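Novice: See my_file16.cif below, with mmCIF, C-alpha atoms.
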data_entry
#
loop_
_atom_site.label_atom_id
_atom_site.label_comp_id
_atom_site.auth_asym_id
_atom_site.auth_seq_id
_atom_site.Cartn_x
_atom_site.Cartn_y
_atom_site.Cartn_z
CA ALA A 1207 -8.84 30.28 31.02
CA GLN A 1208 -9.23 31.89 34.41
CA SER A 1209 -7.53 31.27 37.73
CA VAL A 1210 -7.40 32.60 41.27
CA THR A 1211 -4.43 32.74 43.62
CA GLN A 1212 -4.74 33.07 47.36
CA LEU A 1213 -1.17 33.07 48.57
CA ASP A 1214 -1.95 32.85 52.28
CA SER A 1215 -3.40 29.52 53.36
CA GLN A 1216 -3.65 30.61 57.00
CA VAL A 1217 -3.78 34.05 58.62
CA PRO A 1218 -3.75 34.38 62.42
CA VAL A 1219 -4.86 37.79 63.71
CA PHE A 1220 -5.42 39.21 67.17
CA GLU A 1221 -8.97 40.20 68.01
CA GLU A 1222 -9.75 43.83 67.11
CA ALA A 1223 -6.71 44.02 64.83
CA PRO A 1224 -7.02 44.74 61.10
CA VAL A 1225 -6.70 42.00 58.51
CA GLU A 1226 -6.11 41.72 54.78
CA LEU A 1227 -6.66 38.53 52.82
CA ARG A 1228 -5.00 38.62 49.44
CA CYS A 1229 -6.48 37.50 46.16
CA ASN A 1230 -5.07 37.76 42.65
CA TYR A 1231 -6.75 36.52 39.51
CA SER A 1232 -6.06 35.98 35.86
CA SER A 1233 -8.55 35.92 33.03
CA SER A 1234 -8.66 36.57 29.32
CA VAL A 1235 -12.07 38.23 29.55
CA SER A 1236 -13.81 40.73 31.77
CA VAL A 1237 -14.54 39.22 35.15
CA TYR A 1238 -16.83 39.30 38.08
CA LEU A 1239 -15.19 38.78 41.46
CA PHE A 1240 -16.53 37.24 44.63
CA TRP A 1241 -15.56 36.50 48.21
CA TYR A 1242 -17.31 33.58 49.85
CA VAL A 1243 -17.01 32.60 53.51
CA GLN A 1244 -17.27 29.12 54.98
CA TYR A 1245 -17.91 28.82 58.70
CA PRO A 1246 -17.00 25.50 60.36
CA ASN A 1247 -19.13 22.58 59.16
CA GLN A 1248 -21.20 24.75 56.86
CA GLY A 1249 -21.50 25.44 53.16
CA LEU A 1250 -20.10 28.53 51.50
CA GLN A 1251 -22.04 31.76 51.55
CA LEU A 1252 -21.49 34.98 49.64
CA LEU A 1253 -19.68 37.70 51.55
CA LEU A 1254 -19.47 40.33 48.80
CA LYS A 1255 -19.05 40.66 45.06
CA TYR A 1256 -17.86 43.06 42.39
CA LEU A 1257 -19.86 43.19 39.18
CA SER A 1258 -19.30 46.73 37.88
CA GLY A 1259 -19.24 50.36 38.96
CA SER A 1260 -17.50 51.37 42.16
CA THR A 1261 -14.36 49.34 42.66
CA LEU A 1262 -14.87 49.26 46.44
CA VAL A 1263 -17.53 46.87 47.65
CA GLU A 1264 -18.65 46.27 51.21
CA SER A 1265 -20.37 43.53 53.17
CA ILE A 1266 -22.90 43.97 55.94
CA ASN A 1267 -20.48 42.74 58.61
CA GLY A 1268 -17.69 45.22 58.02
CA PHE A 1269 -15.58 43.55 55.33
CA GLU A 1270 -14.64 45.39 52.17
CA ALA A 1271 -12.76 44.51 49.00
CA GLU A 1272 -11.34 46.64 46.25
CA PHE A 1273 -11.15 45.63 42.62
CA ASN A 1274 -7.82 46.67 41.13
CA LYS A 1275 -7.76 45.94 37.43
CA SER A 1276 -4.16 46.98 36.83
CA GLN A 1277 -2.90 44.69 39.58
CA THR A 1278 -5.53 42.02 38.90
CA SER A 1279 -6.31 41.89 42.59
CA PHE A 1280 -9.37 41.76 44.81
CA HIS A 1281 -8.04 41.85 48.37
CA LEU A 1282 -10.40 41.53 51.32
CA ARG A 1283 -9.99 43.78 54.35
CA LYS A 1284 -11.53 44.44 57.70
CA PRO A 1285 -10.34 47.17 60.07
CA SER A 1286 -11.17 45.27 63.26
CA VAL A 1287 -11.84 41.54 63.44
CA HIS A 1288 -13.97 39.63 65.93
CA ILE A 1289 -13.95 36.06 67.14
CA SER A 1290 -17.02 35.42 65.00
CA ASP A 1291 -14.96 36.11 61.86
CA THR A 1292 -13.13 32.82 62.34
CA ALA A 1293 -13.77 30.98 59.06
CA GLU A 1294 -12.27 30.05 55.73
CA TYR A 1295 -12.48 32.68 53.02
CA PHE A 1296 -12.56 31.88 49.32
CA CYS A 1297 -11.93 34.31 46.51
CA ALA A 1298 -13.60 33.41 43.21
CA VAL A 1299 -13.64 34.70 39.66
CA SER A 1300 -16.25 34.29 36.98
CA GLY A 1301 -15.63 35.26 33.38
CA ASN A 1302 -18.05 32.84 31.85
CA GLU A 1303 -20.69 30.73 33.51
CA LYS A 1304 -18.21 28.84 35.63
CA LEU A 1305 -17.02 30.08 38.99
CA THR A 1306 -13.37 29.35 39.72
CA PHE A 1307 -12.39 29.33 43.39
CA GLY A 1308 -9.07 29.95 45.04
CA THR A 1309 -7.65 27.48 47.53
CA GLY A 1310 -8.98 29.44 50.49
CA THR A 1311 -7.49 31.33 53.43
CA ARG A 1312 -8.19 30.16 56.94
CA LEU A 1313 -8.64 33.18 59.21
CA THR A 1314 -7.99 32.46 62.87
CA ILE A 1315 -8.76 35.10 65.48
CA ILE A 1316 -6.57 35.11 68.56
CA PRO A 1317 -8.35 36.38 71.72
CA ASP B 518 -36.87 30.19 51.68
CA ALA B 519 -35.49 26.83 52.82
CA GLY B 520 -32.23 27.20 50.96
CA VAL B 521 -30.47 24.41 49.15
CA ILE B 522 -31.22 21.05 50.75
CA GLN B 523 -28.80 18.14 50.62
CA SER B 524 -29.16 14.60 51.88
CA PRO B 525 -27.74 12.71 53.53
CA ARG B 526 -25.58 15.04 55.62
CA HIS B 527 -23.17 12.24 56.45
CA GLU B 528 -22.51 8.97 54.65
CA VAL B 529 -20.15 6.19 55.63
CA THR B 530 -19.82 3.31 53.22
CA GLU B 531 -17.44 0.58 52.24
CA MET B 532 -15.32 0.52 49.15
CA GLY B 533 -17.20 -0.85 46.17
CA GLN B 534 -20.63 0.25 47.33
CA GLU B 535 -22.88 2.61 45.40
CA VAL B 536 -23.39 6.05 46.89
CA THR B 537 -26.17 8.46 45.93
CA LEU B 538 -26.15 12.08 47.04
CA ARG B 539 -29.27 14.19 46.68
CA CYS B 540 -29.91 17.87 46.21
CA LYS B 541 -32.96 20.10 46.11
CA PRO B 542 -32.12 23.58 44.75
CA ILE B 543 -33.81 26.79 45.75
CA SER B 544 -37.18 27.12 44.07
CA GLY B 545 -36.98 29.26 40.95
CA HIS B 546 -33.26 28.74 40.44
CA ASN B 547 -32.39 27.49 36.98
CA SER B 548 -28.77 26.49 37.50
CA LEU B 549 -27.38 23.75 39.71
CA PHE B 550 -23.77 22.95 40.53
CA TRP B 551 -22.04 20.00 42.20
CA TYR B 552 -18.71 20.62 43.95
CA ARG B 553 -16.27 18.43 45.83
CA GLN B 554 -14.09 19.77 48.64
CA THR B 555 -10.98 18.04 49.96
CA MET B 556 -7.95 19.23 51.89
CA MET B 557 -5.62 18.27 49.08
CA ARG B 558 -7.52 19.66 46.08
CA GLY B 559 -9.70 22.37 47.60
CA LEU B 560 -13.06 23.12 46.01
CA GLU B 561 -13.62 21.53 42.61
CA LEU B 562 -16.56 21.98 40.27
CA LEU B 563 -17.72 18.55 39.12
CA ILE B 564 -20.69 19.39 36.89
CA TYR B 565 -23.31 22.02 36.38
CA PHE B 566 -26.80 22.10 34.87
CA ASN B 567 -28.82 24.87 33.26
CA ASN B 568 -32.58 24.25 33.03
CA ASN B 569 -31.98 20.59 33.94
CA VAL B 570 -29.50 20.08 31.09
CA PRO B 571 -25.85 19.21 31.87
CA ILE B 572 -23.69 21.98 30.44
CA ASP B 573 -20.20 21.10 31.59
CA ASP B 574 -19.15 17.82 33.16
CA SER B 575 -15.44 18.21 32.54
CA GLY B 576 -14.79 18.15 36.27
CA MET B 577 -16.28 14.72 36.81
CA PRO B 578 -13.27 12.62 37.84
CA GLU B 579 -14.10 9.43 35.97
CA ASP B 580 -16.85 7.16 34.75
CA ARG B 581 -17.64 6.03 38.25
CA PHE B 582 -19.31 9.41 38.78
CA SER B 583 -22.63 10.33 37.22
CA ALA B 584 -25.13 13.13 37.83
CA LYS B 585 -28.72 13.61 36.82
CA MET B 586 -31.32 16.33 37.09
CA PRO B 587 -34.68 14.80 36.16
CA ASN B 588 -36.58 17.97 37.05
CA ALA B 589 -36.06 21.51 38.27
CA SER B 590 -36.30 20.57 41.94
CA PHE B 591 -34.08 17.52 42.23
CA SER B 592 -30.60 16.33 41.33
CA THR B 593 -28.49 13.31 42.22
CA LEU B 594 -24.78 12.60 42.17
CA LYS B 595 -23.96 8.92 42.07
CA ILE B 596 -20.66 7.15 42.66
CA GLN B 597 -20.48 3.52 41.59
CA PRO B 598 -18.34 1.81 42.73
CA SER B 599 -17.04 4.07 45.49
CA GLU B 600 -13.36 4.18 46.47
CA PRO B 601 -11.57 5.57 49.55
CA ARG B 602 -10.17 8.46 47.49
CA ASP B 603 -13.76 9.64 46.93
CA SER B 604 -13.94 10.63 50.60
CA ALA B 605 -14.73 14.34 50.65
CA VAL B 606 -17.44 16.88 51.33
CA TYR B 607 -19.79 17.22 48.38
CA PHE B 608 -21.66 20.49 47.96
CA CYS B 609 -24.61 21.32 45.82
CA ALA B 610 -25.25 24.95 44.87
CA SER B 611 -27.89 26.73 42.84
CA SER B 612 -28.27 30.13 41.21
CA ARG B 613 -31.07 31.99 39.51
CA GLN B 614 -29.57 31.73 36.08
CA GLY B 615 -26.44 30.32 34.54
CA GLN B 616 -24.77 33.68 34.26
CA ALA B 617 -21.35 34.68 35.47
CA ARG B 618 -22.65 37.50 37.70
CA GLU B 619 -25.12 35.40 39.66
CA THR B 620 -24.56 34.47 43.29
CA GLN B 621 -24.40 30.76 43.98
CA TYR B 622 -26.20 29.50 47.08
CA PHE B 623 -24.61 26.47 48.70
CA GLY B 624 -26.17 23.65 50.61
CA PRO B 625 -24.70 22.37 53.88
CA GLY B 626 -22.84 19.57 52.13
CA THR B 627 -22.67 15.80 52.39
CA ARG B 628 -19.63 14.45 54.21
CA LEU B 629 -18.72 11.15 52.55
CA LEU B 630 -16.34 8.64 54.04
CA VAL B 631 -15.47 5.55 52.02
CA LEU B 632 -13.72 2.86 54.05
#
Please, can you express the file's structure as structure tokens?
Specialist:
Amino acid sequence: AQSVTQLDSQVPVFEEAPVELRCNYSSSVSVYLFWYVQYPNQGLQLLLKYLSGSTLVESINGFEAEFNKSQTSFHLRKPSVHISDTAEYFCAVSGNEKLTFGTGTRLTIIP
Amino acid sequence: DAGVIQSPRHEVTEMGQEVTLRCKPISGHNSLFWYRQTMMRGLELLIYFNNNVPIDDSGMPEDRFSAKMPNASFSTLKIQPSEPRDSAVYFCASSRQGQARETQYFGPGTRLLVL
């Protein structure tokens, strides 16, 4: 069985401040890890993913996440957020064909 | 590419009526997934298909729900009869293959309200 925990349901952050969205997972097999983003009234879209190799993965819009096997974590970070980053962020784990999502973290940017 | 297409985008119906949601996956994708999103339960996988064959329907809430994929370019999710607790946003997603490492591409969703 696999599961994902996103402890923070909401994270308010001032514009241009750094942010970290936390994600922990559990799985009995090797996993692939994903962050998806959902903008208001839209479907989810992939932000970044870890499959193998370097434990630090980056997205094109400045987000990065680090796979930490010993802590079973895959936290998402950005050094400076913008208003356009306002969205809900979902961490997901895949150890078989099924993708298991966390409950999501709503990121709100304060001007 | 047009992306995953879902219809209708919004559906309002009365309790007891049949509801059919439609999905066209990205051309060339062999796997299709149906999800339901609610405030209370988050994002739930209902069923997924590989090469038009249902692989896992353990997430389908009850017999009122059924899903079909008659060909590689079309899938339906049917609720009969519908109930107010079925109100949710239903997403369809597709991926190139049914493998754990593949990215899933989501449609815009169908917002269903059952009165």
Novice: Atom CA of Pro1246 of chain A and atom CA of Ala605 of chain B, how far apart in Å?
Specialist: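 Value for the atom CA of Ala605 of chain B-atom CA of Pro1246 of chain A distance: 15.0 Å.
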Novice: I would like the residues chosen by the PyMOL selection byres ((chain B and resi 627) around 10) on the shown file; could you give them as an MDAnalysis selection string?
Specialist: (chainID A and resid 1249) or (chainID B and resid 523:528 538:540 553 605:609 624:626 628:630)
Novice: Considering all atoms listed in the file, state which residue in the set B:Arg602, B:Lys541, B:Arg581, B:Arg618 is at the smallest distance from chain A.
Specialist: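 Smallest separation from chain A among the options: B:Arg618.
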Novice: Counting all atoms listed in the file, which residues come within 8 Å of (-9.6, 32.3, 44.0), with the point read in the file's coordinates, and could you list them as a PyMOL selection string?
Specialist: chain A and resi 1209-1212+1229-1231+1296-1299+1306-1310
Novice: Hey, list the chain B side of the contact with chain A: 9 Å cut-off, only C-alpha atoms, answer as an NGL selection string.
Specialist: :B and (558-562 or 565 or 573 or 608-609 or 615-626)
Novice: Considering only C-alpha atoms, can you say which of B:Met586, B:Val536, B:Ile572, B:Ala610 comes closest to Gly520 of chain B?
Specialist: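 Of B:Met586, B:Val536, B:Ile572, B:Ala610, the one nearest Gly520 of chain B is B:Ala610, counting only C-alpha atoms.
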Novice: Looking at B:Thr593, B:Ser583, B:Asn569, B:Ser612, which one is nearest to Thr537 of chain B, with distances taken over all atoms listed in the file?
Specialist: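 Closest to Thr537 of chain B of all the choices is B:Thr593.
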Novice: Identify, on the basis of all atoms listed in the file, every residue whose closest approach to Arg1283 of chain A does not exceed 10 Å; exclude the query and any residue fewer than 5 positions from it along the same chain; express the result as a PDB file with C-alpha atoms, keeping the file's coordinate frame.
Specialist:
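Saved the output as selection_8.pdb:
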ATOM      1  CA  PRO A1224      -7.020  44.740  61.100  1.00  0.00           C
ATOM      2  CA  VAL A1225      -6.700  42.000  58.510  1.00  0.00           C
ATOM      3  CA  GLU A1226      -6.110  41.720  54.780  1.00  0.00           C
ATOM      4  CA  LEU A1227      -6.660  38.530  52.820  1.00  0.00           C
ATOM      5  CA  ARG A1228      -5.000  38.620  49.440  1.00  0.00           C
ATOM      6  CA  GLU A1264     -18.650  46.270  51.210  1.00  0.00           C
ATOM      7  CA  GLY A1268     -17.690  45.220  58.020  1.00  0.00           C
ATOM      8  CA  PHE A1269     -15.580  43.550  55.330  1.00  0.00           C
ATOM      9  CA  GLU A1270     -14.640  45.390  52.170  1.00  0.00           C
ATOM     10  CA  ALA A1271     -12.760  44.510  49.000  1.00  0.00           C
ATOM     11  CA  GLU A1272     -11.340  46.640  46.250  1.00  0.00           C
TER      12      GLU A1272
END
Novice: How many Å separate atom CA of Ala1293 of chain A from atom CA of Phe1273 of chain A?
Specialist: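 It comes out at 22.2 Å.
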Novice: Would you write out, as a VMD selection string, every residue that the PyMOL selection byres ((chain B and resi 613) around 6) captures in this file?
Specialist: chain B and resid 546 to 547 612 614
Novice: Applied to this file, what does the PyMOL selection byres ((chain A and resi 1208) around 6) return in terms of residues, put as a ChimeraX atom specification?
Specialist: /A:1207,1209,1232-1233
Novice: Measuring atom to atom with only C-alpha atoms, identify which of A:Glu1222, A:Ser1260, A:Val1235, A:Leu1213 is nearest to Lys1284 of chain A.
Specialist: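 The shortest atom-to-atom distance to Lys1284 of chain A comes from A:Glu1222.
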Novice: Calculated over all atoms listed in the file, which of the candidates B:Asp574, B:Glu531, B:Glu600, B:Asp580 has the smallest distance to Tyr552 of chain B?
Specialist: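 Looking at the shortest contact to Tyr552 of chain B, the residue is B:Asp574.
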Novice: Suppose you want the space between atom CA of Arg1312 of chain A and atom CA of Ser1236 of chain A; what is it in Å?
Specialist: 27.9 Å
Novice: Give me the residues within 8 Å of Gly533 of chain B as a list of chain:residue names, counting all atoms listed in the file and dropping any in the same chain fewer than 6 places off.
Specialist: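 The residues that qualify are B:Gln597, B:Pro598, B:Ser599, B:Glu600.
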Novice: Taking only C-alpha atoms into account, which of A:Gly1259, A:Gln1277, A:Trp1241, A:Glu1221 comes nearest Asp1291 of chain A?
Specialist: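 Smallest separation from Asp1291 of chain A among the options: A:Glu1221.
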Novice: Show me, as AutoDock Vina command-line options, the centre and edge lengths in Å to one decimal of the axis-aligned box that covers every listed atom of segment 1227-1239 of chain A with 4 Å on each side.
Specialist:
--center_x -10.9 --center_y 38.3 --center_z 41.1 --size_x 19.8 --size_y 12.8 --size_z 31.5
